[in-house]
Every structure is written in C-alpha cells, then in structure tokens.
file target.txt (compact mmCIF, C-alpha atoms)
# COMPACT_ATOMS: atom_id res chain seq x y z
CA MET P 66 7.43 -14.07 -117.50
CA ALA P 67 10.73 -12.25 -117.15
CA THR P 68 12.69 -13.37 -114.08
CA PRO P 69 16.16 -11.76 -114.03
CA HIS P 70 17.53 -14.21 -111.42
CA PHE P 71 15.87 -17.40 -112.69
CA SER P 72 18.62 -18.71 -114.95
CA SER P 73 21.38 -18.53 -112.37
CA ALA P 74 19.38 -19.51 -109.30
CA LEU P 75 19.83 -23.25 -109.67
CA SER P 76 23.55 -23.07 -110.21
CA ALA P 77 25.90 -23.41 -107.27
CA LEU P 78 28.38 -21.21 -109.13
CA SER P 79 26.31 -18.03 -109.04
CA ALA P 80 23.67 -16.46 -106.82
CA PRO P 81 20.21 -15.19 -107.82
CA ALA P 82 20.22 -11.52 -108.75
CA VAL P 83 18.62 -9.09 -106.31
CA SER P 84 16.09 -6.73 -107.84
CA ALA P 85 16.77 -3.03 -107.32
CA ALA P 86 13.14 -2.71 -106.19
CA TYR P 87 13.52 -5.24 -103.36
CA PRO P 88 11.96 -3.58 -100.27
CA MET P 89 13.97 -2.52 -97.25
CA ALA P 90 12.63 -3.07 -93.75
CA LYS P 91 11.88 -0.24 -91.32
CA PRO P 92 15.00 1.33 -89.73
CA GLY P 93 16.45 -1.11 -87.21
CA TYR P 94 14.62 -4.15 -88.65
CA GLY P 95 15.50 -6.69 -91.33
CA LYS P 96 18.69 -8.54 -92.24
CA ARG P 97 21.86 -8.15 -90.17
CA SER P 98 25.14 -9.74 -91.27
CA ALA P 99 27.06 -11.64 -88.59
CA PRO P 100 30.78 -10.83 -88.22
CA GLY P 101 33.76 -12.97 -89.22
CA GLN P 102 32.28 -14.52 -92.34
CA GLN P 103 34.48 -16.07 -94.99
CA LEU P 104 34.82 -14.28 -98.31
CA ARG P 105 32.14 -15.03 -100.87
CA THR P 106 33.15 -17.82 -103.29
CA ARG P 107 31.61 -19.66 -106.22
CA ASP P 108 31.10 -22.75 -104.03
CA ASP P 109 29.07 -21.18 -101.24
CA PHE P 110 26.19 -23.39 -100.02
CA ALA P 111 27.27 -26.19 -102.39
CA LEU P 112 26.48 -28.83 -99.74
CA LEU P 113 22.86 -27.71 -99.40
CA PRO P 114 19.92 -29.14 -101.39
CA THR P 115 18.83 -27.22 -104.46
CA ARG P 116 15.99 -25.27 -102.84
CA GLU P 117 18.00 -24.25 -99.78
CA ARG P 118 20.98 -23.30 -101.99
CA TYR P 119 18.67 -21.17 -104.14
CA VAL P 120 17.18 -19.30 -101.16
CA ALA P 121 20.53 -18.97 -99.37
CA GLY P 122 22.21 -17.50 -102.44
CA PHE P 123 19.49 -14.87 -102.74
CA VAL P 124 19.50 -13.93 -99.04
CA ASP P 125 23.30 -13.74 -98.98
CA HIS P 126 23.25 -11.02 -101.64
CA LEU P 127 20.61 -8.91 -99.86
CA PRO P 128 21.96 -5.74 -98.22
CA ASP P 129 21.75 -5.24 -94.48
CA GLY P 130 18.35 -3.86 -93.55
CA ALA P 131 16.51 -5.70 -96.33
CA SER P 132 13.12 -7.17 -95.47
CA MET P 133 13.35 -10.83 -94.44
CA SER P 134 9.68 -11.68 -94.27
CA VAL P 135 8.65 -14.91 -95.97
CA LYS P 136 6.07 -13.01 -98.03
CA GLN P 137 8.62 -10.58 -99.48
CA LEU P 138 11.16 -13.33 -100.20
CA ALA P 139 8.57 -15.47 -101.99
CA LYS P 140 7.62 -12.52 -104.22
CA GLN P 141 11.20 -12.39 -105.52
CA LEU P 142 11.80 -16.14 -105.81
CA PRO P 143 9.57 -17.46 -108.63
CA LEU P 144 10.39 -21.15 -108.14
CA TYR P 145 8.85 -21.46 -104.67
CA GLY P 146 5.86 -20.21 -102.71
CA GLN P 147 5.68 -18.91 -99.15
CA GLN P 148 5.44 -22.37 -97.56
CA ALA P 149 8.50 -23.63 -99.45
CA VAL P 150 10.50 -20.49 -98.57
CA SER P 151 9.51 -20.83 -94.90
CA THR P 152 10.65 -24.48 -94.89
CA ALA P 153 13.92 -23.48 -96.58
CA LEU P 154 14.60 -20.80 -93.95
CA LYS P 155 14.01 -23.37 -91.22
CA ALA P 156 16.52 -25.70 -92.89
CA LEU P 157 19.04 -22.85 -93.18
CA SER P 158 18.58 -22.16 -89.47
CA VAL P 159 19.33 -25.81 -88.68
CA ALA P 160 22.35 -25.64 -90.99
CA GLY P 161 23.69 -22.71 -88.95
CA HIS P 162 23.25 -19.85 -91.41
CA LEU P 163 20.60 -17.69 -89.71
CA ARG P 164 18.91 -16.82 -86.44
CA ARG P 165 15.81 -14.70 -85.89
CA VAL P 166 15.80 -12.38 -82.87
CA ARG P 167 13.71 -9.64 -81.31
CA CYS P 168 15.29 -6.65 -79.52
CA SER P 169 13.74 -4.10 -77.18
CA VAL P 170 14.64 -0.48 -77.87
CA GLY P 171 13.64 2.81 -76.29
CA ALA P 172 12.85 3.60 -72.69
CA GLY P 173 9.82 3.91 -70.46
CA ASP P 174 6.54 4.16 -72.35
CA GLU P 175 8.46 4.33 -75.66
CA THR P 176 9.89 0.80 -75.34
CA ARG P 177 9.09 -1.38 -78.36
CA TRP P 178 10.29 -4.61 -79.97
CA ILE P 179 12.08 -4.75 -83.30
CA PHE P 180 12.68 -7.94 -85.28
CA ARG P 181 15.90 -8.90 -87.07
CA THR P 182 17.37 -11.86 -88.90
CA PHE P 183 21.08 -12.40 -88.35
CA TRP P 184 22.69 -14.03 -91.37
CA SER P 185 26.03 -15.80 -91.74
CA ARG P 186 27.33 -17.07 -95.07
CA THR P 187 29.66 -19.25 -93.02
CA ALA P 188 27.72 -22.00 -91.20
CA ARG P 189 27.93 -21.62 -87.39
CA ASP P 190 27.16 -24.09 -84.64
CA ASN P 191 24.84 -23.47 -81.69
CA GLU P 192 27.69 -22.53 -79.34
CA TRP P 193 28.89 -19.83 -81.70
CA TRP P 194 25.43 -18.34 -82.11
CA THR P 195 24.77 -18.39 -78.36
CA THR P 196 28.07 -16.62 -77.64
CA TYR P 197 27.60 -14.08 -80.41
CA LEU P 198 24.04 -13.15 -79.43
CA ALA P 199 25.09 -12.83 -75.79
CA THR P 200 27.89 -10.48 -76.88
CA GLU P 201 25.47 -8.52 -79.06
CA ASP P 202 23.06 -8.18 -76.14
CA ALA P 203 25.85 -7.02 -73.81
CA ALA P 204 26.98 -4.43 -76.36
CA ARG P 205 23.42 -3.10 -76.67
CA THR P 206 23.11 -2.93 -72.89
CA ALA P 207 26.33 -0.93 -72.60
CA ALA P 208 25.32 1.51 -75.36
CA PRO P 209 24.28 4.98 -74.10
CA ALA P 210 20.54 5.36 -73.80
CA ALA P 211 20.76 8.79 -75.45
CA ALA P 212 22.10 7.28 -78.68
CA PRO P 213 19.67 4.55 -79.76
CA GLU P 214 20.75 2.18 -82.47
CA ALA P 215 17.97 3.19 -84.82
CA PRO P 216 15.55 6.11 -84.65
CA ALA P 217 12.06 5.10 -83.67
CA ALA P 218 9.34 6.16 -86.02
CA PRO P 219 6.79 8.41 -84.36
CA VAL P 220 3.75 6.48 -83.28
CA GLU P 221 0.39 8.19 -83.45
CA PRO P 222 -1.52 7.77 -80.20
CA PRO P 223 -4.54 5.50 -80.54
CA GLY P 224 -7.89 7.18 -80.94
CA PRO P 225 -10.56 6.85 -78.31
CA ALA P 226 -12.47 4.29 -80.39
CA ALA P 227 -9.47 1.95 -80.65
CA VAL P 228 -9.77 0.65 -77.07
CA PRO P 229 -12.89 -1.19 -75.88
CA GLN P 230 -14.45 0.97 -73.18
CA ARG P 231 -14.47 -0.57 -69.75
CA ARG P 232 -17.82 -0.39 -67.97
CA THR P 233 -17.76 1.24 -64.56
CA PRO P 234 -19.97 0.07 -61.68
CA ALA P 235 -22.04 3.23 -62.08
CA GLU P 236 -22.71 2.41 -65.73
CA ALA P 237 -23.56 -1.24 -65.03
CA ALA P 238 -25.99 -0.57 -62.11
CA PRO P 239 -29.72 -0.22 -62.86
CA ASP P 240 -31.29 3.20 -62.55
CA THR P 241 -32.75 3.27 -59.02
CA ALA P 242 -32.77 7.05 -58.53
CA PRO P 243 -36.11 8.45 -57.26
CA ALA P 244 -38.26 10.53 -59.57
CA THR P 245 -37.59 13.60 -57.40
CA ALA P 246 -33.81 13.39 -57.90
CA PRO P 247 -32.07 16.67 -58.75
CA ALA P 248 -32.14 17.50 -62.44
CA ALA P 249 -28.38 18.33 -62.57
CA PRO P 250 -26.51 15.03 -63.09
CA THR P 251 -23.15 14.43 -61.50
CA ALA P 252 -20.30 13.00 -63.60
CA ALA P 253 -19.66 9.33 -62.89
CA PRO P 254 -16.03 8.50 -62.02
CA THR P 255 -14.11 7.08 -64.99
CA ALA P 256 -12.19 3.87 -64.35
CA ILE P 257 -8.57 4.10 -65.53
CA PRO P 258 -7.71 0.95 -67.52
CA SER P 259 -4.66 -0.96 -66.32
CA PRO P 260 -1.66 -1.58 -68.63
CA ALA P 261 -2.70 -5.24 -68.88
CA TYR P 262 -6.23 -4.29 -69.96
CA LEU P 263 -4.93 -1.80 -72.53
CA ALA P 264 -2.51 -4.37 -73.98
CA LEU P 265 -5.37 -6.81 -74.50
CA ALA P 266 -7.58 -4.11 -75.97
CA GLU P 267 -4.87 -3.20 -78.50
CA LEU P 268 -4.56 -6.77 -79.83
CA GLY P 269 -7.34 -6.17 -82.34
CA ARG P 270 -5.39 -3.26 -83.82
CA LYS P 271 -2.25 -5.36 -84.12
CA ASP P 272 -4.10 -8.25 -85.76
CA ILE P 273 -7.84 -8.37 -86.45
CA ARG P 274 -7.86 -12.11 -85.73
CA LEU P 275 -7.39 -11.32 -82.02
CA ALA P 276 -10.04 -8.61 -81.65
CA LEU P 277 -11.51 -8.77 -78.12
CA SER P 278 -14.60 -7.19 -76.60
CA ALA P 279 -14.60 -5.09 -73.43
CA ASP P 280 -15.91 -8.06 -71.42
CA ASP P 281 -13.20 -10.31 -72.91
CA CYS P 282 -10.50 -7.82 -71.87
CA THR P 283 -11.90 -7.65 -68.33
CA ALA P 284 -12.01 -11.44 -68.01
CA LEU P 285 -8.46 -11.91 -69.34
CA GLU P 286 -6.95 -8.93 -67.51
CA PRO P 287 -5.73 -10.93 -64.45
CA HIS P 288 -3.86 -13.37 -66.69
CA ALA P 289 -2.15 -10.55 -68.61
CA ALA P 290 -1.34 -8.74 -65.36
CA GLU P 291 0.52 -11.84 -64.18
CA TRP P 292 2.83 -11.52 -67.22
CA LEU P 293 3.59 -7.89 -66.38
CA ALA P 294 4.16 -8.84 -62.74
CA ARG P 295 6.97 -11.12 -63.95
CA GLY P 296 8.89 -8.21 -65.42
CA VAL P 297 7.93 -8.23 -69.11
CA THR P 298 6.74 -5.17 -70.99
CA THR P 299 3.41 -4.72 -72.72
CA ASP P 300 5.24 -4.85 -76.07
CA TYR P 301 6.69 -8.23 -75.13
CA LEU P 302 3.23 -9.44 -74.10
CA THR P 303 1.72 -8.26 -77.40
CA ALA P 304 4.49 -9.85 -79.46
CA ALA P 305 4.11 -13.18 -77.66
CA LEU P 306 0.34 -13.24 -78.20
CA THR P 307 0.45 -12.28 -81.90
CA ALA P 308 3.47 -14.33 -83.06
CA GLY P 309 2.81 -17.23 -85.43
CA LEU P 310 -0.98 -16.93 -85.58
CA PRO P 311 -2.92 -19.57 -87.55
CA ALA P 312 -4.72 -18.53 -90.71
CA GLN P 313 -8.03 -18.33 -88.81
CA VAL P 314 -8.78 -17.89 -85.10
CA ASP P 315 -12.29 -19.21 -84.41
CA CYS P 316 -12.58 -17.93 -80.83
CA PRO P 317 -10.16 -15.07 -80.01
CA PRO P 318 -10.89 -15.00 -76.24
CA ARG P 319 -10.24 -18.73 -75.84
CA PHE P 320 -7.15 -18.55 -78.07
CA VAL P 321 -5.67 -15.61 -76.10
CA ARG P 322 -6.44 -17.28 -72.76
CA ARG P 323 -4.64 -20.42 -73.90
CA ARG P 324 -1.55 -18.47 -74.96
CA LEU P 325 -1.55 -16.44 -71.75
CA THR P 326 -1.52 -19.73 -69.84
CA ASP P 327 0.87 -21.80 -71.98
CA LYS P 328 3.47 -19.14 -72.84
CA ILE P 329 3.73 -17.27 -69.52
CA PRO P 330 7.41 -16.35 -68.89
CA PRO P 331 9.30 -17.68 -65.87
CA GLN P 332 9.29 -15.86 -62.57
CA LEU P 333 12.62 -14.05 -62.15
CA PRO P 334 14.13 -13.13 -58.76
CA THR P 335 13.31 -9.59 -57.71
CA ALA P 336 16.65 -8.95 -55.99
CA THR P 337 20.23 -9.24 -57.26
CA PRO P 338 23.36 -9.96 -55.18
CA ASN P 339 24.91 -6.60 -56.11
CA PRO P 340 22.09 -4.17 -56.83
CA THR P 341 22.98 -1.09 -58.84
CA PRO P 342 21.21 2.25 -58.69
CA SER P 343 18.30 2.42 -61.08
CA THR P 344 18.46 5.06 -63.79
CA GLY P 345 14.81 4.67 -64.74
CA THR P 346 15.76 3.17 -68.12
CA PRO P 347 15.40 -0.63 -68.51
CA ALA P 348 18.38 -2.41 -70.00
CA PRO P 349 17.92 -3.42 -73.63
CA ARG P 350 17.07 -7.07 -74.13
CA LEU P 351 17.60 -9.45 -77.00
CA LEU P 352 15.62 -12.66 -77.43
CA MET P 353 15.95 -15.30 -80.10
CA GLU P 354 12.73 -16.56 -81.64
CA CYS P 355 11.93 -19.87 -83.30
CA THR P 356 12.57 -19.62 -87.04
CA ASP P 357 9.46 -21.69 -87.70
CA CYS P 358 6.72 -20.54 -85.27
CA GLY P 359 8.17 -17.34 -83.75
CA ARG P 360 8.14 -18.53 -80.11
CA PRO P 361 10.63 -16.32 -78.15
CA GLY P 362 13.32 -17.66 -75.83
CA GLN P 363 16.96 -17.53 -74.83
CA PRO P 364 19.49 -18.81 -77.43
CA GLU P 365 20.42 -21.85 -75.34
CA ALA P 366 16.74 -22.86 -75.22
CA LEU P 367 16.40 -22.79 -79.03
CA PRO P 368 19.14 -25.02 -80.49
CA ASP P 369 19.30 -24.79 -84.28
CA GLY P 370 17.04 -21.74 -83.93
CA LEU P 371 13.98 -23.94 -83.27
CA CYS P 372 11.77 -24.42 -80.22
CA ARG P 373 11.23 -27.92 -78.85
CA PRO P 374 7.97 -28.72 -80.74
CA CYS P 375 9.29 -27.41 -84.06
CA ARG P 376 12.61 -29.20 -83.56
CA ALA P 377 10.74 -32.45 -82.89
CA THR P 378 8.66 -31.96 -86.04
CA HIS P 379 11.81 -31.30 -88.03
CA SER P 380 13.56 -34.37 -86.60
CA GLU P 381 10.54 -36.61 -87.21
CA GLY P 382 10.39 -35.77 -90.88
CA GLY P 383 8.27 -32.61 -90.96
CA GLN P 384 9.86 -31.69 -94.31
CA PRO P 385 7.89 -32.06 -97.56
CA ALA P 386 7.50 -35.64 -98.76
CA SER P 387 9.57 -34.88 -101.88
CA VAL P 388 12.74 -34.70 -99.76
CA ASP P 389 14.62 -38.00 -99.65
CA PRO P 390 15.32 -38.90 -95.96
CA ALA P 391 18.63 -40.50 -96.93
CA GLU P 392 19.66 -37.34 -98.77
CA LEU P 393 18.65 -35.19 -95.80
CA ALA P 394 20.67 -37.36 -93.41
CA GLY P 395 23.65 -37.03 -95.73
CA VAL P 396 23.32 -33.26 -95.79
CA LYS P 397 23.24 -33.13 -91.98
CA ALA P 398 26.36 -35.30 -91.81
CA ARG P 399 28.18 -33.09 -94.31
CA MET P 400 27.17 -29.95 -92.42
CA ALA P 401 28.42 -31.44 -89.14
CA ASN P 402 31.73 -32.29 -90.82
CA LEU P 403 31.95 -28.76 -92.26
CA ARG P 404 31.39 -27.23 -88.82
CA ASP P 405 34.19 -29.42 -87.39
CA LEU P 406 36.52 -28.23 -90.15
CA LEU P 407 35.68 -24.61 -89.36
CA LYS P 408 36.61 -25.16 -85.72
CA ALA P 409 40.01 -26.64 -86.66
CA PRO P 410 42.97 -24.24 -86.26
call {"tool": "encode", "arguments": {"input": "target.txt", "output": "structure tokens"}}
result
Amino acid sequence: MATPHFSSALSALSAPAVSAAYPMAKPGYGKRSAPGQQLRTRDDFALLPTRERYVAGFVDHLPDGASMSVKQLAKQLPLYGQQAVSTALKALSVAGHLRRVRCSVGAGDETRWIFRTFWSRTARDNEWWTTYLATEDAARTAAPAAAPEAPAAPVEPPGPAAVPQRRTPAEAAPDTAPATAPAAPTAAPTAIPSPAYLALAELGRKDIRLALSADDCTALEPHAAEWLARGVTTDYLTAALTAGLPAQVDCPPRFVRRRLTDKIPPQLPTATPNPTPSTGTPAPRLLMECTDCGRPGQPEALPDGLCRPCRATHSEGGQPASVDPAELAGVKARMANLRDLLKAP
C-alpha cells in the first residue's frame, strides 16, 4: 500500500508528509497554532517516544483549520489506529504541546459551541497555557459582536418530528364528555416546551445513543432546568451530555440522569461588585476540555490538559503495556528539564 509519509515518519530528522486531500474542519474549528513558537528544526520532538514523535511531526505540519479529530488523524497515519492516536495526543498534552478548548460564538438564540485544538511546537508548561487561554478569552470578549471570528453556517430549523411531543393534560385525561356534547370540538391548548425540555429532546439528533422519549424528557426536565438556572446555555448543556460517550449506551435515560447529576456546573453569584449595563449579548466564553474524555473546565482545573480521573489513570500507568515505565519516567524528566531551559533568560 502506498503511504507517502511512511518512510520519513519514524525519523526525528523529518516530519510525515501531509496529504493534499487532508480534510479541513468547519470554519472556526480545527487546529489553531499558539503564538511565540520556535522555528521548525530537524530536532523537533526528539525527546519524545517514537509514536508521539510520529504523531507530533504530522500535526505540526497541518495548516491552521485542519481537522484534529482522532478518526481523521488515524486515517492518515498508517502505523497506528484510533486508540493509539488518542493515547499519543494525551501524551502530547501532558508534554505541553496541545490543549483542546471549546468556545461559544454568536448571540442570543444563535449561540453555539465550536471546538478547537491549540498546538505549540514548543513545549509549554501549565502556567503558560493558563495565561495564554485567559488572554485569548479576554481578546474574544473584547471583540465587537458585529464582527464574529468565523461565520456561522446556517442551521436548518428542526422539523416537527424531531422533537418528542409533550402530552398536555387534555390529551392525557380520559374522555368523560357526555354523549350530548356539542359536535364542534374546541382546540386543546398546546403546551410550550421549555428550553430544558427542548435541549433534552434534541439529544437524539445530536447522537442516536442518547435518544429519549417524551416521558424521559419530562422526567429529566427539572434536572436540565437546574443547569440553565446556573447560567449555562443549551449548547453548553448539550455538549456536556454528549462529550466522550461510550461505544454503547444501554439505558439513555439513566445515563443522561447520571451526567446531569455528576457534571452539573457550579452555582455562580448573580451579582457583581461593579455591574455594567447589559447589551443583550452574552460575553464569549472559552473552556478547556480534557484531551482524553472531553470533560469541560477552566484551564487551572485541568493541569496537563487532563481532568482529575484521566490524570490519575495516566499517572497510575494507564498507557499501553508496551511502554516501558522507566522510559516514560525518563521522558517526563527530560520534558521538565526542557521546560526549565525554555524559562531561562
């Protein structure tokens, strides 16, 4: 099988070639290069293990806006499958080369989340990433609302059959009308679904593994409403419920209820010391997400780009058994030394 980047992929002196047919992400998504990187050299990523060096060399040569999904990367890297590529990306996150984030764009009902992977050829420590992402968030907040960073693709409104229909009391009550009732029926009032109910009803369209019935949506509606009461958007709620799904969800209602309970965001204060007049447009937000499982959070809560459970798994030897623990410890020590050298004047 012809693989144009196979022969050079294992060499630290050259990077795997990027196919001209490599797919780009939707506008606003995909790879984003961090600023202040050192010039590309023949010794880039030389301290990394072979697999991580192979993946890093390929990602480094991708243009900004390229798709960074594990599936697309694995299609172009013949030596490793999706699981190996995912593990390599997690190791590159720990080494300080990448961070995955989600950003809210738009205003009002048009607000949506976009997903990006910030990449740095130069390894960065957690403090640098936290400062940079905070600066990036502040710059997005200060940007004029009339000039969005990337045009949003038009979204076709969902059809009437996409949302489970909520039963009204009139529909659920037995027919007790007398036989002499007037022949002309009166229209029963239609219940207007709440934003929380609609968000739950749309889960099945986002991912079929989370398809819920009308009764499921009604039962889970109070839990979803609590999320919205804490200041998050329906897009944030949807992203949190659909991120990092297992291959099979045996009971969608129970699975969604568990996530609504375990991942509920913190309650934020409703008042600020110096309130500013509201313009009706929410400030853009940027959240980092765990490189391994996709759990969202603030940068300071995800050191090395990993949430607490994934970081514990990584620290306890969650890597494939073929990796020598002594070699891995040596790589971490060399990366720590490299970061110290980068901080030196």
call {"tool": "closest_residue", "arguments": {"input": "target.txt", "among": "P:Leu302, P:Ala312, P:Ala90, P:Ala131", "to": "His288 of chain P", "atoms": "all atoms listed in the file"}}
result
P:Leu302
call {"tool": "residues_around", "arguments": {"input": "target.txt", "residues": "Arg324 of chain P", "least_positions_apart": "6", "cutoff": "12 Å", "atoms": "only C-alpha atoms", "output": "list of chain:residue names"}}
result
P:Leu275, P:Leu285, P:His288, P:Ala289, P:Trp292, P:Leu302, P:Thr303, P:Ala304, P:Ala305, P:Leu306, P:Thr307, P:Ala308, P:Gly309, P:Leu310, P:Pro317, P:Pro318, P:Pro330, P:Arg360
call {"tool": "closest_residue", "arguments": {"input": "target.txt", "among": "P:Lys96, P:Arg350, P:His126, P:Arg295", "to": "Ile329 of chain P", "atoms": "only C-alpha atoms"}}
result
P:Arg295
call {"tool": "closest_residue", "arguments": {"input": "target.txt", "among": "P:Ala188, P:Ala401, P:Leu144, P:Leu113", "to": "Gly161 of chain P", "atoms": "all atoms listed in the file"}}
result
P:Ala188
call {"tool": "atom_distance", "arguments": {"input": "target.txt", "atom1": "atom CA of Ser132 of chain P", "atom2": "atom CA of Pro100 of chain P"}}
result
19.4 Å
call {"tool": "closest_residue", "arguments": {"input": "target.txt", "among": "P:Gly296, P:Pro311, P:Pro374, P:Pro88", "to": "Arg274 of chain P", "atoms": "only C-alpha atoms"}}
result
P:Pro311
call {"tool": "atom_distance", "arguments": {"input": "target.txt", "atom1": "atom CA of Ala266 of chain P", "atom2": "atom CA of Ser278 of chain P"}}
result
7.7 Å
call {"tool": "closest_residue", "arguments": {"input": "target.txt", "among": "P:Thr182, P:Asn191, P:Ser259, P:Thr115", "to": "Gly130 of chain P", "atoms": "only C-alpha atoms"}}
result
P:Thr182
call {"tool": "atom_distance", "arguments": {"input": "target.txt", "atom1": "atom CA of Gly395 of chain P", "atom2": "atom CA of Ser380 of chain P"}}
result
13.9 Å
call {"tool": "residues_around", "arguments": {"input": "target.txt", "residues": "Arg373 of chain P", "least_positions_apart": "6", "cutoff": "10 Å", "atoms": "only C-alpha atoms", "output": "PyMOL selection string"}}
result
chain P and resi 355+360+366-367+379
call {"tool": "closest_residue", "arguments": {"input": "target.txt", "among": "P:Gln147, P:Thr378, P:Thr298, P:Thr195", "to": "Glu365 of chain P", "atoms": "only C-alpha atoms"}}
result
P:Thr195
call {"tool": "residues_around", "arguments": {"input": "target.txt", "residues": "Thr187 of chain P", "least_positions_apart": "2", "cutoff": "7 Å", "atoms": "only C-alpha atoms", "output": "ChimeraX atom specification"}}
result
/P:102-103,162,185,189
call {"tool": "build_atoms", "arguments": {"input": "target.txt", "residues": "segment 123-145 of chain P", "atoms": "N, CA and C atoms", "output": "PDB file, in the frame of the given file"}}
result
ATOM      1  N   PHE P 123      20.214 -16.130-102.615  1.00  0.00           N
ATOM      2  CA  PHE P 123      19.490 -14.870-102.740  1.00  0.00           C
ATOM      3  C   PHE P 123      19.633 -14.037-101.467  1.00  0.00           C
ATOM      4  N   VAL P 124      19.418 -14.664-100.307  1.00  0.00           N
ATOM      5  CA  VAL P 124      19.500 -13.930 -99.040  1.00  0.00           C
ATOM      6  C   VAL P 124      20.906 -13.391 -98.820  1.00  0.00           C
ATOM      7  N   ASP P 125      21.919 -14.161 -99.204  1.00  0.00           N
ATOM      8  CA  ASP P 125      23.300 -13.740 -98.980  1.00  0.00           C
ATOM      9  C   ASP P 125      23.623 -12.447 -99.716  1.00  0.00           C
ATOM     10  N   HIS P 126      22.974 -12.218-100.857  1.00  0.00           N
ATOM     11  CA  HIS P 126      23.250 -11.020-101.640  1.00  0.00           C
ATOM     12  C   HIS P 126      22.368  -9.839-101.248  1.00  0.00           C
ATOM     13  N   LEU P 127      21.427 -10.032-100.317  1.00  0.00           N
ATOM     14  CA  LEU P 127      20.610  -8.910 -99.860  1.00  0.00           C
ATOM     15  C   LEU P 127      21.435  -7.974 -98.988  1.00  0.00           C
ATOM     16  N   PRO P 128      21.230  -6.664 -99.088  1.00  0.00           N
ATOM     17  CA  PRO P 128      21.960  -5.740 -98.220  1.00  0.00           C
ATOM     18  C   PRO P 128      21.420  -5.777 -96.795  1.00  0.00           C
ATOM     19  N   ASP P 129      22.225  -5.342 -95.849  1.00  0.00           N
ATOM     20  CA  ASP P 129      21.750  -5.240 -94.480  1.00  0.00           C
ATOM     21  C   ASP P 129      20.565  -4.282 -94.424  1.00  0.00           C
ATOM     22  N   GLY P 130      19.553  -4.658 -93.655  1.00  0.00           N
ATOM     23  CA  GLY P 130      18.350  -3.860 -93.550  1.00  0.00           C
ATOM     24  C   GLY P 130      17.247  -4.274 -94.502  1.00  0.00           C
ATOM     25  N   ALA P 131      17.535  -5.236 -95.393  1.00  0.00           N
ATOM     26  CA  ALA P 131      16.510  -5.700 -96.330  1.00  0.00           C
ATOM     27  C   ALA P 131      15.440  -6.483 -95.581  1.00  0.00           C
ATOM     28  N   SER P 132      14.218  -6.434 -96.091  1.00  0.00           N
ATOM     29  CA  SER P 132      13.120  -7.170 -95.470  1.00  0.00           C
ATOM     30  C   SER P 132      13.379  -8.668 -95.575  1.00  0.00           C
ATOM     31  N   MET P 133      13.128  -9.381 -94.462  1.00  0.00           N
ATOM     32  CA  MET P 133      13.350 -10.830 -94.440  1.00  0.00           C
ATOM     33  C   MET P 133      12.066 -11.586 -94.189  1.00  0.00           C
ATOM     34  N   SER P 134      10.938 -10.975 -94.445  1.00  0.00           N
ATOM     35  CA  SER P 134       9.680 -11.680 -94.270  1.00  0.00           C
ATOM     36  C   SER P 134       9.520 -12.735 -95.359  1.00  0.00           C
ATOM     37  N   VAL P 135       8.858 -13.822 -95.009  1.00  0.00           N
ATOM     38  CA  VAL P 135       8.650 -14.910 -95.970  1.00  0.00           C
ATOM     39  C   VAL P 135       7.856 -14.399 -97.176  1.00  0.00           C
ATOM     40  N   LYS P 136       6.904 -13.529 -96.938  1.00  0.00           N
ATOM     41  CA  LYS P 136       6.070 -13.010 -98.030  1.00  0.00           C
ATOM     42  C   LYS P 136       6.906 -12.248 -99.046  1.00  0.00           C
ATOM     43  N   GLN P 137       7.799 -11.376 -98.572  1.00  0.00           N
ATOM     44  CA  GLN P 137       8.620 -10.580 -99.480  1.00  0.00           C
ATOM     45  C   GLN P 137       9.628 -11.460-100.224  1.00  0.00           C
ATOM     46  N   LEU P 138      10.213 -12.436 -99.543  1.00  0.00           N
ATOM     47  CA  LEU P 138      11.160 -13.330-100.200  1.00  0.00           C
ATOM     48  C   LEU P 138      10.474 -14.140-101.294  1.00  0.00           C
ATOM     49  N   ALA P 139       9.279 -14.648-101.002  1.00  0.00           N
ATOM     50  CA  ALA P 139       8.570 -15.470-101.990  1.00  0.00           C
ATOM     51  C   ALA P 139       8.189 -14.663-103.223  1.00  0.00           C
ATOM     52  N   LYS P 140       7.943 -13.357-103.058  1.00  0.00           N
ATOM     53  CA  LYS P 140       7.620 -12.520-104.220  1.00  0.00           C
ATOM     54  C   LYS P 140       8.785 -12.437-105.198  1.00  0.00           C
ATOM     55  N   GLN P 141      10.023 -12.550-104.675  1.00  0.00           N
ATOM     56  CA  GLN P 141      11.200 -12.390-105.520  1.00  0.00           C
ATOM     57  C   GLN P 141      11.769 -13.725-106.004  1.00  0.00           C
ATOM     58  N   LEU P 142      11.276 -14.826-105.456  1.00  0.00           N
ATOM     59  CA  LEU P 142      11.800 -16.140-105.810  1.00  0.00           C
ATOM     60  C   LEU P 142      10.704 -16.920-106.550  1.00  0.00           C
ATOM     61  N   PRO P 143      10.697 -16.914-107.873  1.00  0.00           N
ATOM     62  CA  PRO P 143       9.570 -17.460-108.630  1.00  0.00           C
ATOM     63  C   PRO P 143       9.432 -18.972-108.551  1.00  0.00           C
ATOM     64  N   LEU P 144      10.475 -19.689-108.150  1.00  0.00           N
ATOM     65  CA  LEU P 144      10.390 -21.150-108.140  1.00  0.00           C
ATOM     66  C   LEU P 144       9.601 -21.705-106.966  1.00  0.00           C
ATOM     67  N   TYR P 145       9.450 -20.927-105.893  1.00  0.00           N
ATOM     68  CA  TYR P 145       8.850 -21.460-104.670  1.00  0.00           C
ATOM     69  C   TYR P 145       7.860 -20.476-104.080  1.00  0.00           C
TER      70      TYR P 145
END
